[in-house]
$ cat model-v7.txt   # compact mmCIF, C-alpha atoms
# COMPACT_ATOMS: atom_id res chain seq x y z
CA MET A 2 -17.09 -22.60 5.43
CA LYS A 3 -19.10 -19.56 6.52
CA SER A 4 -18.03 -17.34 3.64
CA PRO A 5 -16.85 -19.39 0.65
CA THR A 6 -14.90 -17.59 -2.04
CA HIS A 7 -16.72 -17.44 -5.36
CA VAL A 8 -14.72 -18.13 -8.52
CA LYS A 9 -15.55 -14.60 -9.73
CA GLU A 10 -13.53 -13.29 -6.79
CA LEU A 11 -10.47 -15.10 -8.12
CA VAL A 12 -10.50 -14.68 -11.89
CA PRO A 13 -10.80 -11.33 -13.72
CA ASP A 14 -12.98 -10.85 -16.78
CA THR A 15 -14.10 -8.12 -19.15
CA ALA A 16 -14.58 -4.94 -17.13
CA ASP A 17 -18.01 -4.00 -15.78
CA TYR A 18 -16.66 -0.57 -14.79
CA VAL A 19 -13.66 1.33 -16.19
CA GLY A 20 -11.78 4.03 -14.27
CA LEU A 21 -8.92 6.34 -15.21
CA HIS A 22 -6.89 8.06 -12.51
CA ASP A 23 -3.87 10.33 -12.16
CA SER A 24 -1.90 12.11 -9.47
CA SER A 25 0.29 15.20 -9.61
CA GLY A 26 2.07 17.50 -7.20
CA GLU A 27 -1.23 19.38 -6.85
CA GLY A 28 -3.69 16.60 -6.27
CA ALA A 29 -5.34 13.44 -7.53
CA GLY A 30 -8.30 12.95 -9.80
CA GLY A 31 -10.01 10.65 -12.22
CA VAL A 32 -13.18 9.49 -13.89
CA TRP A 33 -15.45 6.44 -13.86
CA LEU A 34 -17.23 5.22 -16.98
CA SER A 35 -19.40 2.28 -17.90
CA GLY A 36 -18.07 -1.07 -19.01
CA ARG A 37 -20.46 -3.99 -19.37
CA GLU A 38 -22.56 -2.42 -16.60
CA ARG A 39 -24.01 1.07 -16.96
CA ILE A 40 -22.96 3.69 -14.41
CA THR A 41 -23.08 7.48 -14.36
CA ALA A 42 -20.14 9.23 -16.02
CA THR A 43 -18.39 10.68 -12.98
CA VAL A 44 -15.36 12.91 -12.39
CA TRP A 45 -13.62 13.45 -9.04
CA ARG A 46 -10.60 15.26 -7.60
CA VAL A 47 -8.73 15.77 -4.31
CA ARG A 48 -6.25 18.52 -3.57
CA TRP A 49 -3.18 17.49 -1.57
CA PRO A 50 -2.82 19.40 1.70
CA PRO A 51 0.34 21.53 2.25
CA GLU A 52 2.03 18.85 4.39
CA ILE A 53 1.87 16.32 1.53
CA VAL A 54 3.21 18.87 -0.96
CA ARG A 55 6.08 19.62 1.44
CA LEU A 56 6.93 15.91 1.87
CA LEU A 57 7.02 15.57 -1.91
CA GLN A 58 9.29 18.60 -2.28
CA ILE A 59 11.83 17.36 0.28
CA GLY A 60 11.86 13.86 -1.19
CA GLU A 61 10.16 11.97 1.64
CA LEU A 62 7.32 11.11 -0.74
CA THR A 63 7.65 10.17 -4.39
CA ASN A 64 5.32 10.60 -7.32
CA ASN A 65 4.79 6.82 -7.22
CA ASP A 66 3.45 7.16 -3.65
CA LEU A 67 0.97 9.82 -4.75
CA GLU A 68 -0.08 7.73 -7.75
CA MET A 69 -0.77 4.75 -5.48
CA ALA A 70 -2.83 6.99 -3.20
CA GLY A 71 -4.73 8.11 -6.28
CA GLY A 72 -5.46 4.48 -7.13
CA LEU A 73 -6.92 3.89 -3.66
CA LEU A 74 -9.00 7.07 -3.90
CA GLU A 75 -10.25 5.94 -7.32
CA TRP A 76 -11.55 2.73 -5.78
CA LEU A 77 -13.14 4.58 -2.86
CA VAL A 78 -15.01 6.84 -5.28
CA LEU A 79 -16.50 3.79 -6.99
CA GLU A 80 -17.56 2.42 -3.59
CA GLY A 81 -19.06 5.78 -2.70
CA MET A 82 -21.10 5.80 -5.92
CA LYS A 83 -22.99 2.85 -4.39
CA VAL A 84 -22.91 0.74 -7.54
CA PRO A 85 -23.06 -3.07 -7.21
CA LEU A 86 -19.54 -4.38 -6.61
CA LYS A 87 -20.08 -7.99 -5.56
CA HIS A 88 -18.52 -10.26 -8.19
CA LYS A 89 -18.04 -7.29 -10.52
CA HIS A 90 -14.97 -6.92 -12.73
CA ILE A 91 -13.23 -3.57 -12.49
CA ALA A 92 -10.51 -2.05 -14.65
CA ILE A 93 -8.32 0.81 -13.46
CA LEU A 94 -6.17 2.60 -16.04
CA GLY A 95 -3.28 4.93 -15.23
CA ASP A 96 -0.04 6.27 -16.65
CA ASN A 97 2.22 5.25 -13.75
CA SER A 98 3.94 1.91 -14.37
CA SER A 99 4.80 1.30 -10.70
CA THR A 100 1.21 1.71 -9.54
CA VAL A 101 -0.07 -0.58 -12.30
CA SER A 102 2.47 -3.25 -11.30
CA TRP A 103 1.72 -2.93 -7.57
CA ILE A 104 -2.05 -3.26 -8.08
CA ASP A 105 -1.57 -6.14 -10.49
CA LYS A 106 0.59 -8.10 -8.02
CA MET A 107 -1.00 -6.63 -4.87
CA ALA A 108 2.53 -6.31 -3.56
CA SER A 109 5.16 -3.59 -3.32
CA LYS A 110 8.83 -3.61 -2.40
CA SER A 111 8.75 0.14 -1.85
CA GLU A 112 9.91 1.30 1.58
CA GLY A 113 7.37 4.15 1.47
CA PRO A 114 3.62 4.13 2.13
CA ALA A 115 2.70 2.09 -0.96
CA GLY A 116 2.39 -1.13 1.05
CA GLY A 117 -0.10 0.38 3.47
CA LEU A 118 -2.13 1.86 0.63
CA LEU A 119 -2.19 -1.52 -1.14
CA CYS A 120 -3.35 -3.27 2.04
CA ALA A 121 -6.22 -0.81 2.35
CA LEU A 122 -7.17 -1.32 -1.30
CA ALA A 123 -7.03 -5.13 -1.00
CA LEU A 124 -9.14 -5.09 2.16
CA ARG A 125 -11.83 -2.86 0.64
CA GLN A 126 -11.91 -5.03 -2.48
CA ARG A 127 -12.27 -8.19 -0.38
CA MET A 128 -15.02 -6.71 1.77
CA GLU A 129 -17.00 -5.81 -1.34
CA ARG A 130 -16.39 -9.34 -2.75
CA ALA A 131 -15.27 -7.86 -6.07
CA SER A 132 -13.26 -9.63 -8.76
CA PRO A 133 -9.50 -8.98 -8.82
CA LEU A 134 -8.77 -5.56 -10.24
CA THR A 135 -7.50 -5.37 -13.80
CA PRO A 136 -4.92 -2.55 -13.90
CA GLU A 137 -3.50 -1.43 -17.23
CA HIS A 138 -0.95 1.18 -18.22
CA VAL A 139 -1.94 3.91 -20.68
CA ALA A 140 0.45 6.46 -22.13
CA GLY A 141 0.44 9.82 -20.38
CA ASP A 142 -0.92 11.64 -23.42
CA HIS A 143 -3.86 9.19 -23.49
CA ASN A 144 -4.77 9.87 -19.86
CA ARG A 145 -6.09 13.42 -20.30
CA LEU A 146 -9.47 12.59 -18.77
CA ALA A 147 -7.67 12.02 -15.47
CA ASP A 148 -4.85 14.54 -15.96
CA ILE A 149 -7.21 17.51 -15.96
CA PRO A 150 -8.98 16.92 -12.61
CA SER A 151 -5.67 16.11 -10.88
CA ARG A 152 -4.21 19.37 -12.20
CA SER A 153 -7.29 21.58 -11.90
CA PHE A 154 -5.93 23.60 -8.99
CA GLY A 155 -3.81 26.08 -10.98
CA TYR A 156 -1.27 24.03 -12.96
CA GLU A 157 -2.87 25.03 -16.26
CA PRO A 158 -4.95 28.27 -16.31
CA ALA A 159 -7.46 26.76 -18.75
CA TRP A 160 -8.06 23.88 -16.31
CA LEU A 161 -8.40 25.94 -13.11
CA CYS A 162 -11.60 25.11 -11.23
CA GLU A 163 -12.47 26.89 -8.01
CA SER A 164 -15.18 24.35 -7.15
CA ASP A 165 -16.43 20.93 -8.18
CA ASP A 166 -19.31 22.65 -9.97
CA ASP A 167 -16.66 24.42 -12.06
CA LEU A 168 -15.04 21.04 -12.76
CA VAL A 169 -18.34 19.61 -14.03
CA ALA A 170 -18.84 22.68 -16.21
CA LEU A 171 -15.29 22.30 -17.59
CA PHE A 172 -15.87 18.63 -18.45
CA ASN A 173 -19.22 19.41 -20.05
CA ASP A 174 -17.38 22.00 -22.14
CA PHE A 175 -14.23 20.04 -23.04
CA PHE A 176 -15.68 16.51 -23.00
CA PRO A 177 -19.35 16.80 -24.02
CA LEU A 178 -21.54 13.74 -23.50
CA PRO A 179 -24.07 12.35 -25.97
CA GLU A 180 -27.65 13.63 -25.90
CA GLN A 181 -26.57 16.83 -24.11
CA ALA A 182 -26.16 14.88 -20.88
CA SER A 183 -24.10 16.21 -17.98
CA TRP A 184 -21.11 14.86 -16.12
CA THR A 185 -21.54 14.12 -12.41
CA SER A 186 -18.89 14.91 -9.81
CA PHE A 187 -18.11 12.91 -6.69
CA GLN A 188 -16.90 14.74 -3.59
CA LEU A 189 -14.93 12.55 -1.21
CA SER A 190 -15.55 13.25 2.46
CA ASN A 191 -12.79 14.88 4.53
CA ALA A 192 -12.84 11.89 6.90
CA VAL A 193 -12.00 9.39 4.13
CA VAL A 194 -9.37 11.64 2.52
CA THR A 195 -7.76 12.12 5.94
CA ARG A 196 -7.30 8.35 6.27
CA VAL A 197 -5.47 8.19 2.95
CA ILE A 198 -3.34 11.22 3.91
CA SER A 199 -2.41 9.53 7.19
CA VAL A 200 -1.04 6.51 5.31
CA LEU A 201 0.92 8.82 3.00
CA GLN A 202 2.46 10.38 6.09
CA THR A 203 3.36 6.82 7.18
CA ARG A 204 1.38 7.21 10.37
CA GLY A 205 -0.38 3.99 9.50
CA LEU A 206 -3.89 2.86 10.30
CA GLU A 207 -5.23 -0.29 11.87
CA MET A 208 -6.93 -2.53 9.32
CA GLY A 209 -10.08 -2.25 11.40
CA GLU A 210 -10.25 1.41 10.48
CA TRP A 211 -10.43 0.42 6.82
CA GLN A 212 -13.14 -2.12 7.60
CA ARG A 213 -15.33 0.56 9.20
CA LEU A 214 -15.28 3.53 6.87
CA PRO A 215 -17.12 6.78 7.54
CA PRO A 216 -19.44 8.07 4.79
CA ILE A 217 -17.27 8.12 1.67
CA GLY A 218 -18.80 11.12 -0.06
CA THR A 219 -21.61 12.36 -2.26
CA SER A 220 -22.35 12.68 -5.97
CA THR A 221 -23.44 16.03 -7.34
CA GLY A 222 -24.22 17.22 -10.83
CA GLY A 223 -26.83 18.29 -13.31
CA THR A 224 -29.83 16.39 -14.57
CA GLY A 225 -29.64 13.97 -17.46
CA SER A 226 -26.48 12.17 -16.35
CA SER A 227 -24.95 9.81 -18.90
CA SER A 228 -23.90 6.18 -18.55
CA VAL A 229 -21.76 6.18 -21.69
CA ASN A 230 -18.69 3.95 -21.84
CA LEU A 231 -15.18 4.98 -22.90
CA GLN A 232 -15.37 3.63 -26.43
CA GLU A 233 -18.78 5.20 -27.12
CA LEU A 234 -17.54 8.47 -25.71
CA THR A 235 -14.48 8.74 -27.93
CA HIS A 236 -16.50 7.77 -31.02
CA PHE A 237 -18.93 10.56 -30.17
CA TRP A 238 -16.08 13.07 -29.79
CA GLU A 239 -14.57 12.03 -33.11
CA LYS A 240 -17.87 12.80 -34.85
CA LYS A 241 -18.26 16.15 -33.06
CA GLN A 242 -14.60 17.17 -33.15
CA HIS A 243 -15.02 19.94 -35.73
CA ARG A 244 -17.77 21.53 -33.61
CA ILE A 245 -15.75 21.65 -30.40
CA SER A 246 -12.31 22.43 -31.82
CA GLU A 247 -12.51 26.10 -30.76
CA LYS A 248 -13.20 25.07 -27.16
CA LEU A 249 -10.36 22.58 -27.16
CA GLU A 250 -7.86 25.14 -28.41
CA ARG A 251 -8.13 26.83 -25.02
CA SER A 252 -6.52 23.80 -23.42
CA ARG A 253 -2.98 22.74 -24.24
CA GLY A 254 -2.76 19.35 -25.89
CA LEU A 255 -6.44 18.44 -26.05
CA GLN A 256 -6.81 18.93 -29.79
CA GLU A 257 -3.76 16.74 -30.39
CA TRP A 258 -5.08 14.19 -27.88
CA LEU A 259 -8.38 13.72 -29.72
CA GLY A 260 -6.49 13.32 -32.97
CA LYS A 261 -4.48 10.30 -31.82
CA GLY A 262 -6.92 7.80 -33.31
CA ASN A 263 -9.14 5.41 -31.42
CA TRP A 264 -7.07 5.10 -28.27
CA ALA A 265 -10.14 3.85 -26.41
CA GLU A 266 -10.10 0.77 -28.66
CA GLU A 267 -6.39 0.36 -27.90
CA SER A 268 -7.13 0.50 -24.16
CA ARG A 269 -9.93 -2.04 -24.58
CA CYS A 270 -7.60 -4.44 -26.37
CA LYS A 271 -5.00 -4.03 -23.62
CA LEU A 272 -7.61 -4.87 -20.98
CA GLN A 273 -8.70 -7.96 -22.89
CA ALA A 274 -5.07 -9.09 -23.12
CA ALA A 275 -4.63 -8.54 -19.38
CA VAL A 276 -7.70 -10.68 -18.68
CA GLN A 277 -6.43 -13.47 -20.96
CA ARG A 278 -3.09 -13.51 -19.12
CA SER A 279 -4.95 -14.15 -15.86
CA LEU A 280 -7.11 -17.04 -17.07
CA PRO A 281 -6.18 -20.58 -15.98
CA LEU A 282 -4.55 -22.82 -18.56
CA ARG A 283 -6.85 -25.22 -20.32
CA ARG A 284 -6.49 -28.92 -19.54
CA PRO A 285 -8.30 -32.09 -20.67
CA SER A 286 -11.60 -32.78 -18.97
CA LEU A 287 -10.27 -36.16 -17.80
CA TRP A 288 -6.87 -34.82 -16.89
CA THR A 289 -6.63 -37.04 -13.79
CA GLU A 290 -6.77 -40.10 -16.04
CA ALA A 291 -4.17 -38.87 -18.53
CA PRO A 292 -1.06 -41.11 -18.67
CA LEU A 293 2.13 -39.80 -17.16
CA PRO A 294 5.14 -39.26 -19.43
CA CYS A 295 7.28 -42.33 -19.89
CA THR A 296 10.43 -42.48 -17.81
CA THR A 297 13.78 -44.08 -18.29
CA LYS A 298 16.33 -45.01 -15.66
CA GLN A 299 20.03 -44.35 -15.92
CA ASP A 300 22.40 -44.86 -13.00
CA ASN A 301 19.46 -45.19 -10.57
CA THR A 302 18.21 -41.71 -11.62
CA THR A 303 14.75 -41.26 -13.16
CA TYR A 304 14.44 -39.03 -16.20
CA LEU A 305 11.45 -37.87 -18.20
CA SER A 306 11.65 -39.22 -21.74
CA PRO A 307 12.19 -36.54 -24.40

$ encode --input "model-v7.txt" --output "structure tokens"
Amino acid sequence: MKSPTHVKELVPDTADYVGLHDSSGEGAGGVWLSGRERITATVWRVRWPPEIVRLLQIGELTNNDLEMAGGLLEWLVLEGMKVPLKHKHIAILGDNSSTVSWIDKMASKSEGPAGGLLCALALRQRMERASPLTPEHVAGDHNRLADIPSRSFGYEPAWLCESDDDLVALFNDFFPLPEQASWTSFQLSNAVVTRVISVLQTRGLEMGEWQRLPPIGTSTGGTGSSSVNLQELTHFWEKKQHRISEKLERSRGLQEWLGKGNWAEESRCKLQAAVQRSLPLRRPSLWTEAPLPCTTKQDNTTYLSP
């Protein structure tokens, strides 16, 4: 076999990288944070073009379609960050149950573009030789890190960002990092975003076009970037909450969000449970030599003994 499949490409494990993503009628966005492996704390966003907004308004696209597109864009951002992906375990968190289920099963019964988006995601994952993705659902009010970039185009005045530099400044203000470090932003290239938009419009793309991607994008941001993970980050915010409360009051729901307890620990436990569900069942080391259950015969029919 020219390219044997490693066991790490079949069985998920504790996440090396953790991403949160969200999509809205305005756009998609998300963040990437460290897991077992250290990566730069990164925020990204994409604004939907007018034709996608129109298709959503007339019902030819659903919010589930946009959320699935956001999941694919989330993966592409991680690829574009040029972090090691071979045999790495990756968790993607979101507040859309359909997207979580589709990514978990790598299958969709939707008649819309979800199937094409999933095929693109599966192909990119296979080409990078990564472990199966571990998707997990988080409640909408726990997904604020991804809600803000996806809605930073005017939905909430306090979240409006005219540029990605503004988005980094907003995150540094609302979600400060330890040691006065700065968030980094990732700007997806127009060529890559156009491919995702084409699938949303059900124009379809040949799989070869997903094998040969143009440059995915570039990372930009201030010096002193942080590689903090989600749990460390929320613990830091809890300690500093009284110092940043005035800033958070400018944004609807953020103060309440930080007061919901250690939701990062809850997300970590959910991811561990998801990994355990995917592990193979244990069996005796000499299972091939184990005796078969006794059988009894009645009326020429063989039955397993109780």

$ residues_around --input "model-v7.txt" --residues "Gly117 (chain A)" --least-positions-apart "2" --cutoff "9 Å" --atoms "all atoms listed in the file" --output "ChimeraX atom specification"
/A:113-115,119-122,200-201,203,205-206

$ atom_distance --input "model-v7.txt" --atom1 "CA of Thr6 (chain A)" --atom2 "CA of Leu124 (chain A)"
14.4 Å

$ residues_around --input "model-v7.txt" --residues "region 133-135 of chain A" --least-positions-apart "4" --cutoff "6 Å" --atoms "all atoms listed in the file" --output "list of chain:residue names"
A:Pro13, A:Ile91, A:Ala92

$ write_last_selection --input "model-v7.txt" --atoms "C-alpha atoms" --output "PDB file, in the coordinates of the input"
ATOM      1  CA  PRO A  13     -10.800 -11.330 -13.720  1.00  0.00           C
ATOM      2  CA  ILE A  91     -13.230  -3.570 -12.490  1.00  0.00           C
ATOM      3  CA  ALA A  92     -10.510  -2.050 -14.650  1.00  0.00           C
TER       4      ALA A  92
END

$ closest_residue --input "model-v7.txt" --among "A:Glu129, A:Asp167, A:Glu68, A:Asp96" --to "Lys83 (chain A)" --atoms "all atoms listed in the file"
A:Glu129

$ closest_residue --input "model-v7.txt" --among "A:Gly60, A:Gly116, A:Gly81, A:Pro136" --to "Gly20 (chain A)" --atoms "all atoms listed in the file"
A:Pro136

$ closest_residue --input "model-v7.txt" --among "A:Gly26, A:Tyr18, A:Leu73, A:His138" --to "Gln58 (chain A)" --atoms "all atoms listed in the file"
A:Gly26

$ residues_around --input "model-v7.txt" --residues "Asn230 (chain A)" --least-positions-apart "4" --cutoff "7 Å" --atoms "only C-alpha atoms" --output "list in words"
Leu34, Ser35, Gly36 and Leu234 of chain A

$ atom_distance --input "model-v7.txt" --atom1 "CA of Ala16 (chain A)" --atom2 "CA of His90 (chain A)"
4.8 Å

$ residues_around --input "model-v7.txt" --residues "Val229 (chain A)" --least-positions-apart "4" --cutoff "8 Å" --atoms "all atoms listed in the file" --output "MDAnalysis selection string"
chainID A and resid 34:35 39:42 178:179 233:234

$ atom_distance --input "model-v7.txt" --atom1 "CA of Arg46 (chain A)" --atom2 "CA of Glu27 (chain A)"
10.3 Å

$ closest_residue --input "model-v7.txt" --among "A:Ala147, A:Glu61, A:Val54, A:Leu168" --to "Asp23 (chain A)" --atoms "all atoms listed in the file"
A:Ala147
